[in-house]
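Below: final06.txt (compact mmCIF, N, CA and C atoms)
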# COMPACT_ATOMS: atom_id res chain seq x y z
N ASN A 1 -15.11 12.54 -14.02
CA ASN A 1 -14.96 11.35 -13.20
C ASN A 1 -14.42 11.76 -11.84
N ASN A 2 -15.17 11.44 -10.79
CA ASN A 2 -14.81 11.84 -9.44
C ASN A 2 -13.52 11.19 -8.98
N ASN A 3 -13.29 9.93 -9.38
CA ASN A 3 -12.06 9.24 -9.00
C ASN A 3 -10.85 9.92 -9.61
N SER A 4 -10.97 10.36 -10.87
CA SER A 4 -9.87 11.08 -11.52
C SER A 4 -9.59 12.39 -10.82
N THR A 5 -10.65 13.08 -10.38
CA THR A 5 -10.49 14.34 -9.66
C THR A 5 -9.76 14.09 -8.35
N ASN A 6 -10.15 13.03 -7.62
CA ASN A 6 -9.48 12.70 -6.36
C ASN A 6 -8.03 12.36 -6.61
N CYS A 7 -7.75 11.60 -7.67
CA CYS A 7 -6.37 11.23 -7.98
C CYS A 7 -5.54 12.46 -8.32
N ALA A 8 -6.11 13.38 -9.08
CA ALA A 8 -5.41 14.61 -9.45
C ALA A 8 -5.15 15.47 -8.21
N ALA A 9 -6.13 15.52 -7.31
CA ALA A 9 -5.97 16.30 -6.08
C ALA A 9 -4.86 15.70 -5.22
N THR A 10 -4.79 14.38 -5.19
CA THR A 10 -3.74 13.71 -4.42
C THR A 10 -2.38 14.06 -4.99
N LYS A 11 -2.23 14.05 -6.33
CA LYS A 11 -0.95 14.39 -6.96
C LYS A 11 -0.55 15.82 -6.63
N THR A 12 -1.52 16.73 -6.66
CA THR A 12 -1.24 18.13 -6.36
C THR A 12 -0.79 18.28 -4.91
N SER A 13 -1.49 17.61 -3.99
CA SER A 13 -1.14 17.74 -2.58
C SER A 13 0.24 17.17 -2.28
N ILE A 14 0.61 16.09 -2.92
CA ILE A 14 1.94 15.52 -2.67
C ILE A 14 3.02 16.41 -3.26
N ALA A 15 2.74 17.06 -4.40
CA ALA A 15 3.71 17.99 -4.99
C ALA A 15 3.92 19.18 -4.07
N MET A 16 2.83 19.71 -3.51
CA MET A 16 2.94 20.83 -2.59
C MET A 16 3.68 20.40 -1.33
N LEU A 17 3.36 19.21 -0.84
CA LEU A 17 3.99 18.68 0.35
C LEU A 17 5.49 18.52 0.13
N THR A 18 5.87 17.95 -1.00
CA THR A 18 7.28 17.73 -1.31
C THR A 18 8.01 19.06 -1.42
N SER A 19 7.38 20.03 -2.07
CA SER A 19 7.99 21.34 -2.23
C SER A 19 8.23 22.02 -0.89
N SER A 20 7.19 22.02 -0.03
CA SER A 20 7.35 22.68 1.26
C SER A 20 8.32 21.92 2.15
N ASN A 21 8.35 20.61 2.02
CA ASN A 21 9.25 19.81 2.83
C ASN A 21 10.71 20.05 2.42
N ASN A 22 10.96 20.24 1.14
CA ASN A 22 12.32 20.49 0.68
C ASN A 22 12.88 21.78 1.25
N LYS A 23 12.01 22.73 1.56
CA LYS A 23 12.46 24.01 2.09
C LYS A 23 12.80 23.92 3.58
N ARG A 24 12.28 22.90 4.24
CA ARG A 24 12.54 22.74 5.67
C ARG A 24 13.79 21.91 5.90
N SER A 25 14.31 22.04 7.09
CA SER A 25 15.40 21.14 7.47
C SER A 25 14.80 19.77 7.76
N LYS A 26 15.61 18.82 8.06
CA LYS A 26 15.11 17.46 8.29
C LYS A 26 14.07 17.47 9.40
N ALA A 27 12.94 16.80 9.13
CA ALA A 27 11.87 16.72 10.12
C ALA A 27 12.24 15.70 11.19
N ALA A 28 11.61 15.88 12.34
CA ALA A 28 11.82 14.89 13.40
C ALA A 28 11.28 13.56 12.91
N THR A 29 11.90 12.49 13.32
CA THR A 29 11.46 11.19 12.84
C THR A 29 10.95 10.34 13.99
N LYS A 30 10.13 9.39 13.63
CA LYS A 30 9.63 8.42 14.58
C LYS A 30 9.95 7.07 13.98
N ASN A 31 10.84 6.32 14.63
CA ASN A 31 11.28 5.03 14.09
C ASN A 31 11.76 5.17 12.65
N LYS A 32 12.51 6.21 12.40
CA LYS A 32 13.07 6.49 11.08
C LYS A 32 12.02 6.80 10.02
N LYS A 33 10.80 7.08 10.42
CA LYS A 33 9.74 7.47 9.48
C LYS A 33 9.63 8.99 9.50
N LYS A 34 9.42 9.57 8.35
CA LYS A 34 9.30 11.02 8.25
C LYS A 34 7.97 11.47 8.83
N ALA A 35 7.99 12.55 9.59
CA ALA A 35 6.77 13.11 10.16
C ALA A 35 6.37 14.32 9.32
N ILE A 36 5.92 14.08 8.10
CA ILE A 36 5.65 15.15 7.15
C ILE A 36 4.21 15.65 7.25
N GLU A 37 3.27 14.73 7.21
CA GLU A 37 1.86 15.10 7.16
C GLU A 37 1.06 14.04 7.89
N VAL A 38 -0.18 14.36 8.18
CA VAL A 38 -1.08 13.38 8.76
C VAL A 38 -1.71 12.61 7.62
N VAL A 39 -1.49 11.31 7.62
CA VAL A 39 -1.99 10.44 6.57
C VAL A 39 -3.03 9.50 7.19
N THR A 40 -4.16 9.35 6.51
CA THR A 40 -5.22 8.49 7.00
C THR A 40 -5.32 7.22 6.16
N ILE A 41 -6.05 6.25 6.66
CA ILE A 41 -6.30 5.03 5.89
C ILE A 41 -6.98 5.37 4.58
N GLU A 42 -7.88 6.34 4.61
CA GLU A 42 -8.59 6.74 3.40
C GLU A 42 -7.63 7.31 2.35
N ASP A 43 -6.63 8.10 2.80
CA ASP A 43 -5.62 8.64 1.88
C ASP A 43 -4.86 7.50 1.20
N LEU A 44 -4.47 6.53 2.00
CA LEU A 44 -3.71 5.40 1.47
C LEU A 44 -4.55 4.57 0.51
N ALA A 45 -5.81 4.32 0.88
CA ALA A 45 -6.70 3.54 0.02
C ALA A 45 -6.93 4.25 -1.31
N GLU A 46 -7.08 5.57 -1.27
CA GLU A 46 -7.27 6.35 -2.49
C GLU A 46 -6.06 6.23 -3.42
N CYS A 47 -4.87 6.29 -2.86
CA CYS A 47 -3.67 6.12 -3.68
C CYS A 47 -3.63 4.74 -4.33
N ILE A 48 -4.03 3.73 -3.58
CA ILE A 48 -4.05 2.38 -4.13
C ILE A 48 -5.07 2.28 -5.25
N GLU A 49 -6.27 2.77 -5.01
CA GLU A 49 -7.33 2.70 -6.02
C GLU A 49 -6.96 3.46 -7.28
N CYS A 50 -6.21 4.55 -7.13
CA CYS A 50 -5.78 5.36 -8.29
C CYS A 50 -4.46 4.85 -8.88
N LYS A 51 -3.88 3.86 -8.24
CA LYS A 51 -2.59 3.29 -8.65
C LYS A 51 -1.48 4.36 -8.69
N ASN A 52 -1.52 5.23 -7.70
CA ASN A 52 -0.49 6.27 -7.53
C ASN A 52 0.61 5.70 -6.64
N TRP A 53 1.42 4.81 -7.20
CA TRP A 53 2.39 4.06 -6.41
C TRP A 53 3.48 4.95 -5.81
N ASP A 54 3.97 5.94 -6.55
CA ASP A 54 5.02 6.82 -6.01
C ASP A 54 4.50 7.65 -4.85
N ILE A 55 3.28 8.16 -5.02
CA ILE A 55 2.67 8.95 -3.95
C ILE A 55 2.41 8.07 -2.74
N LEU A 56 1.91 6.88 -2.97
CA LEU A 56 1.64 5.95 -1.87
C LEU A 56 2.94 5.62 -1.14
N GLN A 57 4.00 5.36 -1.88
CA GLN A 57 5.28 5.04 -1.24
C GLN A 57 5.74 6.19 -0.35
N ALA A 58 5.58 7.43 -0.83
CA ALA A 58 5.96 8.59 -0.01
C ALA A 58 5.10 8.68 1.25
N LYS A 59 3.81 8.45 1.10
CA LYS A 59 2.91 8.50 2.26
C LYS A 59 3.22 7.39 3.25
N LEU A 60 3.58 6.21 2.77
CA LEU A 60 3.90 5.09 3.66
C LEU A 60 5.14 5.35 4.50
N GLN A 61 5.96 6.31 4.09
CA GLN A 61 7.16 6.64 4.85
C GLN A 61 6.88 7.58 6.02
N THR A 62 5.64 8.01 6.18
CA THR A 62 5.30 8.92 7.27
C THR A 62 4.91 8.15 8.51
N ALA A 63 5.21 8.73 9.65
CA ALA A 63 4.84 8.11 10.93
C ALA A 63 3.32 8.00 11.06
N SER A 64 2.60 9.00 10.54
CA SER A 64 1.14 8.96 10.68
C SER A 64 0.51 7.85 9.85
N ALA A 65 1.13 7.49 8.72
CA ALA A 65 0.61 6.37 7.93
C ALA A 65 0.81 5.07 8.70
N GLU A 66 1.98 4.92 9.27
CA GLU A 66 2.25 3.72 10.06
C GLU A 66 1.28 3.62 11.24
N ASP A 67 1.05 4.75 11.92
CA ASP A 67 0.10 4.76 13.03
C ASP A 67 -1.31 4.41 12.56
N ALA A 68 -1.73 5.00 11.43
CA ALA A 68 -3.08 4.75 10.91
C ALA A 68 -3.25 3.27 10.57
N ILE A 69 -2.25 2.68 9.96
CA ILE A 69 -2.33 1.26 9.58
C ILE A 69 -2.39 0.38 10.83
N ASN A 70 -1.56 0.67 11.80
CA ASN A 70 -1.53 -0.15 13.02
C ASN A 70 -2.74 0.04 13.91
N GLU A 71 -3.30 1.23 13.93
CA GLU A 71 -4.43 1.51 14.81
C GLU A 71 -5.76 1.05 14.23
N ASN A 72 -5.84 0.92 12.91
CA ASN A 72 -7.09 0.53 12.26
C ASN A 72 -7.11 -0.98 12.07
N GLU A 73 -7.79 -1.67 12.98
CA GLU A 73 -7.83 -3.13 12.96
C GLU A 73 -8.51 -3.68 11.71
N GLU A 74 -9.44 -2.94 11.16
CA GLU A 74 -10.24 -3.42 10.04
C GLU A 74 -9.69 -3.02 8.67
N ASN A 75 -8.55 -2.36 8.62
CA ASN A 75 -8.06 -1.90 7.32
C ASN A 75 -7.74 -3.09 6.42
N GLN A 76 -8.05 -2.93 5.17
CA GLN A 76 -7.86 -3.97 4.16
C GLN A 76 -6.85 -3.52 3.11
N LEU A 77 -5.87 -2.73 3.52
CA LEU A 77 -4.95 -2.12 2.57
C LEU A 77 -4.13 -3.14 1.77
N LEU A 78 -3.67 -4.20 2.41
CA LEU A 78 -2.89 -5.18 1.68
C LEU A 78 -3.76 -5.88 0.64
N LEU A 79 -4.97 -6.27 1.02
CA LEU A 79 -5.88 -6.90 0.08
C LEU A 79 -6.19 -5.96 -1.08
N LEU A 80 -6.42 -4.69 -0.77
CA LEU A 80 -6.71 -3.70 -1.80
C LEU A 80 -5.50 -3.53 -2.73
N ALA A 81 -4.32 -3.47 -2.15
CA ALA A 81 -3.09 -3.32 -2.95
C ALA A 81 -2.90 -4.53 -3.86
N LEU A 82 -3.17 -5.71 -3.36
CA LEU A 82 -3.05 -6.92 -4.18
C LEU A 82 -4.08 -6.92 -5.30
N GLN A 83 -5.29 -6.48 -5.00
CA GLN A 83 -6.34 -6.42 -6.03
C GLN A 83 -5.97 -5.46 -7.15
N HIS A 84 -5.26 -4.39 -6.82
CA HIS A 84 -4.91 -3.37 -7.81
C HIS A 84 -3.51 -3.56 -8.41
N GLY A 85 -2.86 -4.66 -8.09
CA GLY A 85 -1.56 -4.95 -8.69
C GLY A 85 -0.43 -4.05 -8.24
N ALA A 86 -0.41 -3.73 -6.96
CA ALA A 86 0.66 -2.87 -6.43
C ALA A 86 2.02 -3.51 -6.63
N PRO A 87 3.05 -2.69 -6.86
CA PRO A 87 4.40 -3.23 -7.02
C PRO A 87 4.94 -3.81 -5.72
N LEU A 88 5.98 -4.60 -5.85
CA LEU A 88 6.58 -5.32 -4.74
C LEU A 88 6.93 -4.40 -3.57
N ASP A 89 7.52 -3.23 -3.82
CA ASP A 89 7.93 -2.37 -2.71
C ASP A 89 6.75 -1.91 -1.86
N ILE A 90 5.60 -1.70 -2.47
CA ILE A 90 4.40 -1.32 -1.72
C ILE A 90 3.94 -2.49 -0.85
N ILE A 91 3.88 -3.68 -1.45
CA ILE A 91 3.45 -4.87 -0.71
C ILE A 91 4.40 -5.11 0.48
N MET A 92 5.69 -5.01 0.23
CA MET A 92 6.69 -5.23 1.28
C MET A 92 6.55 -4.19 2.40
N GLU A 93 6.30 -2.96 2.04
CA GLU A 93 6.15 -1.90 3.05
C GLU A 93 4.92 -2.15 3.91
N LEU A 94 3.79 -2.50 3.30
CA LEU A 94 2.58 -2.78 4.06
C LEU A 94 2.79 -3.97 5.01
N VAL A 95 3.43 -5.01 4.51
CA VAL A 95 3.68 -6.20 5.34
C VAL A 95 4.66 -5.88 6.47
N SER A 96 5.66 -5.05 6.19
CA SER A 96 6.62 -4.71 7.25
C SER A 96 5.97 -3.85 8.33
N ILE A 97 5.03 -3.02 7.96
CA ILE A 97 4.34 -2.18 8.94
C ILE A 97 3.42 -3.03 9.81
N LYS A 98 2.67 -3.95 9.17
CA LYS A 98 1.70 -4.74 9.92
C LYS A 98 1.60 -6.14 9.31
N PRO A 99 2.47 -7.05 9.75
CA PRO A 99 2.50 -8.40 9.15
C PRO A 99 1.17 -9.15 9.22
N ILE A 100 0.35 -8.88 10.20
CA ILE A 100 -0.93 -9.58 10.34
C ILE A 100 -1.85 -9.34 9.14
N LEU A 101 -1.57 -8.30 8.35
CA LEU A 101 -2.37 -8.05 7.15
C LEU A 101 -2.34 -9.23 6.19
N MET A 102 -1.26 -10.02 6.24
CA MET A 102 -1.14 -11.17 5.34
C MET A 102 -2.19 -12.24 5.66
N LYS A 103 -2.76 -12.21 6.85
CA LYS A 103 -3.72 -13.24 7.26
C LYS A 103 -5.17 -12.81 7.06
N GLN A 104 -5.39 -11.61 6.57
CA GLN A 104 -6.75 -11.13 6.38
C GLN A 104 -7.46 -11.89 5.26
N ILE A 105 -8.78 -11.89 5.36
CA ILE A 105 -9.62 -12.53 4.34
C ILE A 105 -10.58 -11.48 3.80
N ASP A 106 -10.65 -11.40 2.49
CA ASP A 106 -11.57 -10.49 1.82
C ASP A 106 -13.00 -10.87 2.22
N PRO A 107 -13.73 -9.96 2.86
CA PRO A 107 -15.06 -10.32 3.35
C PRO A 107 -16.08 -10.64 2.24
N GLU A 108 -15.87 -10.07 1.06
CA GLU A 108 -16.84 -10.27 -0.02
C GLU A 108 -16.69 -11.63 -0.70
N PHE A 109 -15.45 -12.00 -1.03
CA PHE A 109 -15.21 -13.23 -1.79
C PHE A 109 -14.48 -14.31 -0.99
N GLN A 110 -14.12 -14.00 0.25
CA GLN A 110 -13.41 -14.94 1.13
C GLN A 110 -12.02 -15.33 0.60
N HIS A 111 -11.38 -14.40 -0.13
CA HIS A 111 -10.02 -14.64 -0.62
C HIS A 111 -9.01 -14.19 0.43
N THR A 112 -7.96 -14.96 0.57
CA THR A 112 -6.83 -14.53 1.40
C THR A 112 -5.93 -13.66 0.52
N ALA A 113 -4.94 -13.04 1.15
CA ALA A 113 -3.96 -12.27 0.40
C ALA A 113 -3.24 -13.16 -0.62
N LEU A 114 -2.95 -14.39 -0.23
CA LEU A 114 -2.29 -15.33 -1.13
C LEU A 114 -3.17 -15.64 -2.34
N HIS A 115 -4.47 -15.85 -2.11
CA HIS A 115 -5.39 -16.08 -3.24
C HIS A 115 -5.32 -14.91 -4.22
N LEU A 116 -5.40 -13.69 -3.69
CA LEU A 116 -5.40 -12.51 -4.55
C LEU A 116 -4.10 -12.38 -5.33
N ALA A 117 -2.98 -12.68 -4.67
CA ALA A 117 -1.69 -12.60 -5.36
C ALA A 117 -1.64 -13.61 -6.52
N CYS A 118 -2.13 -14.81 -6.27
CA CYS A 118 -2.13 -15.83 -7.33
C CYS A 118 -3.08 -15.44 -8.47
N LEU A 119 -4.25 -14.93 -8.11
CA LEU A 119 -5.22 -14.51 -9.12
C LEU A 119 -4.69 -13.37 -9.98
N ASN A 120 -3.86 -12.53 -9.42
CA ASN A 120 -3.36 -11.35 -10.12
C ASN A 120 -1.94 -11.50 -10.65
N MET A 121 -1.44 -12.71 -10.71
CA MET A 121 -0.07 -12.94 -11.19
C MET A 121 0.14 -12.37 -12.59
N ARG A 122 -0.85 -12.51 -13.45
CA ARG A 122 -0.71 -11.98 -14.82
C ARG A 122 -0.55 -10.46 -14.80
N MET A 123 -1.27 -9.78 -13.89
CA MET A 123 -1.17 -8.32 -13.79
C MET A 123 0.26 -7.91 -13.44
N TRP A 124 0.91 -8.63 -12.50
CA TRP A 124 2.29 -8.29 -12.15
C TRP A 124 3.23 -8.56 -13.31
N THR A 125 2.99 -9.66 -14.01
CA THR A 125 3.84 -10.01 -15.15
C THR A 125 3.76 -8.93 -16.21
N GLU A 126 2.55 -8.39 -16.45
CA GLU A 126 2.36 -7.36 -17.48
C GLU A 126 2.85 -6.00 -17.02
N ASN A 127 2.60 -5.63 -15.76
CA ASN A 127 2.90 -4.28 -15.28
C ASN A 127 4.25 -4.13 -14.59
N HIS A 128 4.77 -5.19 -14.06
CA HIS A 128 6.04 -5.10 -13.34
C HIS A 128 6.97 -6.16 -13.93
N ASN A 129 7.08 -7.28 -13.24
CA ASN A 129 7.81 -8.41 -13.81
C ASN A 129 7.43 -9.68 -13.09
N GLU A 130 7.70 -10.79 -13.74
CA GLU A 130 7.29 -12.08 -13.21
C GLU A 130 7.96 -12.39 -11.88
N GLU A 131 9.21 -11.96 -11.72
CA GLU A 131 9.94 -12.23 -10.48
C GLU A 131 9.28 -11.54 -9.29
N GLU A 132 8.77 -10.30 -9.49
CA GLU A 132 8.07 -9.60 -8.41
C GLU A 132 6.85 -10.39 -7.97
N GLY A 133 6.07 -10.82 -8.94
CA GLY A 133 4.87 -11.59 -8.62
C GLY A 133 5.20 -12.87 -7.88
N ALA A 134 6.22 -13.57 -8.34
CA ALA A 134 6.64 -14.81 -7.69
C ALA A 134 7.11 -14.54 -6.26
N TYR A 135 7.84 -13.44 -6.07
CA TYR A 135 8.33 -13.11 -4.73
C TYR A 135 7.17 -12.80 -3.80
N ILE A 136 6.19 -12.05 -4.29
CA ILE A 136 5.02 -11.71 -3.48
C ILE A 136 4.29 -12.99 -3.06
N ILE A 137 4.10 -13.89 -4.00
CA ILE A 137 3.42 -15.15 -3.71
C ILE A 137 4.21 -15.94 -2.67
N SER A 138 5.53 -16.02 -2.83
CA SER A 138 6.32 -16.80 -1.86
C SER A 138 6.29 -16.13 -0.48
N LEU A 139 6.31 -14.80 -0.44
CA LEU A 139 6.21 -14.08 0.83
C LEU A 139 4.90 -14.42 1.53
N LEU A 140 3.81 -14.34 0.80
CA LEU A 140 2.50 -14.61 1.39
C LEU A 140 2.33 -16.08 1.76
N ALA A 141 2.91 -16.97 0.96
CA ALA A 141 2.82 -18.41 1.25
C ALA A 141 3.63 -18.77 2.49
N SER A 142 4.69 -18.00 2.77
CA SER A 142 5.56 -18.33 3.90
C SER A 142 4.83 -18.29 5.24
N GLN A 143 3.74 -17.56 5.33
CA GLN A 143 2.99 -17.50 6.60
C GLN A 143 2.31 -18.82 6.92
N TYR A 144 2.18 -19.69 5.93
CA TYR A 144 1.52 -20.97 6.12
C TYR A 144 2.52 -22.09 6.42
N ALA A 145 3.81 -21.78 6.35
CA ALA A 145 4.85 -22.81 6.56
C ALA A 145 5.00 -23.15 8.03
Write out the structure in this file as structure tokens.
Amino acid sequence: NNNSTNCAATKTSIAMLTSSNNKRSKAATKNKKKAIEVVTIEDLAECIECKNWDILQAKLQTASAEDAINENEENQLLLLALQHGAPLDIIMELVSIKPILMKQIDPEFQHTALHLACLNMRMWTENHNEEEGAYIISLLASQYA
């Protein structure tokens, strides 16, 4: 399975990255984000699709991930994360980096981020907890207030 191979390669690269980073002194930061590696939208999307939440969280802490998210007007990372049942910390990080992501509409089914959160409430209840799902829904609903 090619997706499994990609997911395994991502895990290996983050392990190598973490190991080499531990040997270095503190890296220069940009807005308190670590400047560890160059992260692309594709890297982030792959982590979401593979549900590699710890790896994704580490990548989201890099300045290059923040730059990639902000510079790519068409990125659908929040919608993708909601579709795959990402945990609250991932959703919060994506929203904090680029709040306008909450207003995107899925081009295929015309769902907003709020629609996807409501549709996937059971997934959060099973994989995380009901309070996380409720918080995500209230966060996304707040943009309409």
Distance query Asp67 of chain A at most 8 Å, all atoms listed in the file, self and fewer than 5 positions along chain excluded, as a CSV table (one decimal) with N, CA and C atoms, keeping the file's coordinate frame:
chain,number,residue,atom,x,y,z
A,39,VAL,N,-1.5,11.3,7.6
A,39,VAL,CA,-2.0,10.4,6.6
A,39,VAL,C,-3.0,9.5,7.2
A,40,THR,N,-4.2,9.4,6.5
A,40,THR,CA,-5.2,8.5,7.0
A,40,THR,C,-5.3,7.2,6.2
A,41,ILE,N,-6.0,6.2,6.7
A,41,ILE,CA,-6.3,5.0,5.9
A,41,ILE,C,-7.0,5.4,4.6
A,62,THR,N,5.6,8.0,6.2
A,62,THR,CA,5.3,8.9,7.3
A,62,THR,C,4.9,8.2,8.5
A,72,ASN,N,-5.8,0.9,12.9
A,72,ASN,CA,-7.1,0.5,12.3
A,72,ASN,C,-7.1,-1.0,12.1
7 Å contact set for Lys98 of chain A, only N, CA and C atoms, chain neighbours under 4 positions out, as a PyMOL selection string: chain A and resi 69-70+93-94+102
Pull the alpha helix (DSSP H) assignments for segment 36-86 of chain A out of DSSP run on the backbone, and list those residues as a PyMOL selection string. chain A and resi 41-49+53-60+63-71+77-83
Between atom CA of Ala86 of chain A and atom CA of Leu44 of chain A, distance in Å (one decimal): 12.2 Å
Spatial sel., origin (1.4, -3.8, -1.1), limit 12 Å, only C-alpha atoms, listed as number ranges by chain: A: 44-45, 47-49, 51, 53, 56-57, 60, 76-99, 101-102, 113, 116-117, 124, 132-133, 136-137, 139-140
Any chance you can output those residues with N, CA and C atoms as a short mmCIF file (atom, residue, chain, number, x, y, z; two decimals), in the coordinates of the input?
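Contents of selection.cif, freshly written:
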data_model
loop_
_atom_site.label_atom_id
_atom_site.label_comp_id
_atom_site.auth_asym_id
_atom_site.auth_seq_id
_atom_site.Cartn_x
_atom_site.Cartn_y
_atom_site.Cartn_z
N LEU A 44 -4.47 6.53 2.00
CA LEU A 44 -3.71 5.40 1.47
C LEU A 44 -4.55 4.57 0.51
N ALA A 45 -5.81 4.32 0.88
CA ALA A 45 -6.70 3.54 0.02
C ALA A 45 -6.93 4.25 -1.31
N CYS A 47 -4.87 6.29 -2.86
CA CYS A 47 -3.67 6.12 -3.68
C CYS A 47 -3.63 4.74 -4.33
N ILE A 48 -4.03 3.73 -3.58
CA ILE A 48 -4.05 2.38 -4.13
C ILE A 48 -5.07 2.28 -5.25
N GLU A 49 -6.27 2.77 -5.01
CA GLU A 49 -7.33 2.70 -6.02
C GLU A 49 -6.96 3.46 -7.28
N LYS A 51 -3.88 3.86 -8.24
CA LYS A 51 -2.59 3.29 -8.65
C LYS A 51 -1.48 4.36 -8.69
N TRP A 53 1.42 4.81 -7.20
CA TRP A 53 2.39 4.06 -6.41
C TRP A 53 3.48 4.95 -5.81
N LEU A 56 1.91 6.88 -2.97
CA LEU A 56 1.64 5.95 -1.87
C LEU A 56 2.94 5.62 -1.14
N GLN A 57 4.00 5.36 -1.88
CA GLN A 57 5.28 5.04 -1.24
C GLN A 57 5.74 6.19 -0.35
N LEU A 60 3.58 6.21 2.77
CA LEU A 60 3.90 5.09 3.66
C LEU A 60 5.14 5.35 4.50
N GLN A 76 -8.05 -2.93 5.17
CA GLN A 76 -7.86 -3.97 4.16
C GLN A 76 -6.85 -3.52 3.11
N LEU A 77 -5.87 -2.73 3.52
CA LEU A 77 -4.95 -2.12 2.57
C LEU A 77 -4.13 -3.14 1.77
N LEU A 78 -3.67 -4.20 2.41
CA LEU A 78 -2.89 -5.18 1.68
C LEU A 78 -3.76 -5.88 0.64
N LEU A 79 -4.97 -6.27 1.02
CA LEU A 79 -5.88 -6.90 0.08
C LEU A 79 -6.19 -5.96 -1.08
N LEU A 80 -6.42 -4.69 -0.77
CA LEU A 80 -6.71 -3.70 -1.80
C LEU A 80 -5.50 -3.53 -2.73
N ALA A 81 -4.32 -3.47 -2.15
CA ALA A 81 -3.09 -3.32 -2.95
C ALA A 81 -2.90 -4.53 -3.86
N LEU A 82 -3.17 -5.71 -3.36
CA LEU A 82 -3.05 -6.92 -4.18
C LEU A 82 -4.08 -6.92 -5.30
N GLN A 83 -5.29 -6.48 -5.00
CA GLN A 83 -6.34 -6.42 -6.03
C GLN A 83 -5.97 -5.46 -7.15
N HIS A 84 -5.26 -4.39 -6.82
CA HIS A 84 -4.91 -3.37 -7.81
C HIS A 84 -3.51 -3.56 -8.41
N GLY A 85 -2.86 -4.66 -8.09
CA GLY A 85 -1.56 -4.95 -8.69
C GLY A 85 -0.43 -4.05 -8.24
N ALA A 86 -0.41 -3.73 -6.96
CA ALA A 86 0.66 -2.87 -6.43
C ALA A 86 2.02 -3.51 -6.63
N PRO A 87 3.05 -2.69 -6.86
CA PRO A 87 4.40 -3.23 -7.02
C PRO A 87 4.94 -3.81 -5.72
N LEU A 88 5.98 -4.60 -5.85
CA LEU A 88 6.58 -5.32 -4.74
C LEU A 88 6.93 -4.40 -3.57
N ASP A 89 7.52 -3.23 -3.82
CA ASP A 89 7.93 -2.37 -2.71
C ASP A 89 6.75 -1.91 -1.86
N ILE A 90 5.60 -1.70 -2.47
CA ILE A 90 4.40 -1.32 -1.72
C ILE A 90 3.94 -2.49 -0.85
N ILE A 91 3.88 -3.68 -1.45
CA ILE A 91 3.45 -4.87 -0.71
C ILE A 91 4.40 -5.11 0.48
N MET A 92 5.69 -5.01 0.23
CA MET A 92 6.69 -5.23 1.28
C MET A 92 6.55 -4.19 2.40
N GLU A 93 6.30 -2.96 2.04
CA GLU A 93 6.15 -1.90 3.05
C GLU A 93 4.92 -2.15 3.91
N LEU A 94 3.79 -2.50 3.30
CA LEU A 94 2.58 -2.78 4.06
C LEU A 94 2.79 -3.97 5.01
N VAL A 95 3.43 -5.01 4.51
CA VAL A 95 3.68 -6.20 5.34
C VAL A 95 4.66 -5.88 6.47
N SER A 96 5.66 -5.05 6.19
CA SER A 96 6.62 -4.71 7.25
C SER A 96 5.97 -3.85 8.33
N ILE A 97 5.03 -3.02 7.96
CA ILE A 97 4.34 -2.18 8.94
C ILE A 97 3.42 -3.03 9.81
N LYS A 98 2.67 -3.95 9.17
CA LYS A 98 1.70 -4.74 9.92
C LYS A 98 1.60 -6.14 9.31
N PRO A 99 2.47 -7.05 9.75
CA PRO A 99 2.50 -8.40 9.15
C PRO A 99 1.17 -9.15 9.22
N LEU A 101 -1.57 -8.30 8.35
CA LEU A 101 -2.37 -8.05 7.15
C LEU A 101 -2.34 -9.23 6.19
N MET A 102 -1.26 -10.02 6.24
CA MET A 102 -1.14 -11.17 5.34
C MET A 102 -2.19 -12.24 5.66
N ALA A 113 -4.94 -13.04 1.15
CA ALA A 113 -3.96 -12.27 0.40
C ALA A 113 -3.24 -13.16 -0.62
N LEU A 116 -5.40 -13.69 -3.69
CA LEU A 116 -5.40 -12.51 -4.55
C LEU A 116 -4.10 -12.38 -5.33
N ALA A 117 -2.98 -12.68 -4.67
CA ALA A 117 -1.69 -12.60 -5.36
C ALA A 117 -1.64 -13.61 -6.52
N TRP A 124 0.91 -8.63 -12.50
CA TRP A 124 2.29 -8.29 -12.15
C TRP A 124 3.23 -8.56 -13.31
N GLU A 132 8.77 -10.30 -9.49
CA GLU A 132 8.07 -9.60 -8.41
C GLU A 132 6.85 -10.39 -7.97
N GLY A 133 6.07 -10.82 -8.94
CA GLY A 133 4.87 -11.59 -8.62
C GLY A 133 5.20 -12.87 -7.88
N ILE A 136 6.19 -12.05 -4.29
CA ILE A 136 5.02 -11.71 -3.48
C ILE A 136 4.29 -12.99 -3.06
N ILE A 137 4.10 -13.89 -4.00
CA ILE A 137 3.42 -15.15 -3.71
C ILE A 137 4.21 -15.94 -2.67
N LEU A 139 6.31 -14.80 -0.44
CA LEU A 139 6.21 -14.08 0.83
C LEU A 139 4.90 -14.42 1.53
N LEU A 140 3.81 -14.34 0.80
CA LEU A 140 2.50 -14.61 1.39
C LEU A 140 2.33 -16.08 1.76
#
Kindly list the centre and edge lengths in Å, rounded to one decimal, for the axis-aligned box that covers all listed atoms of segment 95-105 of chain A plus 8 Å on each of its six sides, as AutoDock Vina command-line options.
--center_x -2.0 --center_y -7.7 --center_z 7.1 --size_x 33.2 --size_y 27.1 --size_z 22.5
Nearest to Ser142 of chain A, chosen from A:Glu73, A:His128, A:Lys103, A:Glu66, with only C-alpha atoms counted in the distances: A:Lys103
Kindly give the distance, in Å, that separates atom CA of Lys59 of chain A and atom CA of Glu37 of chain A, rounded to a single decimal.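 Distance reported for this atom pair: 8.3 Å.
One distance worth recording is that between atom CA of Gln104 of chain A and atom CA of Ala134 of chain A, which is 19.8 Å.
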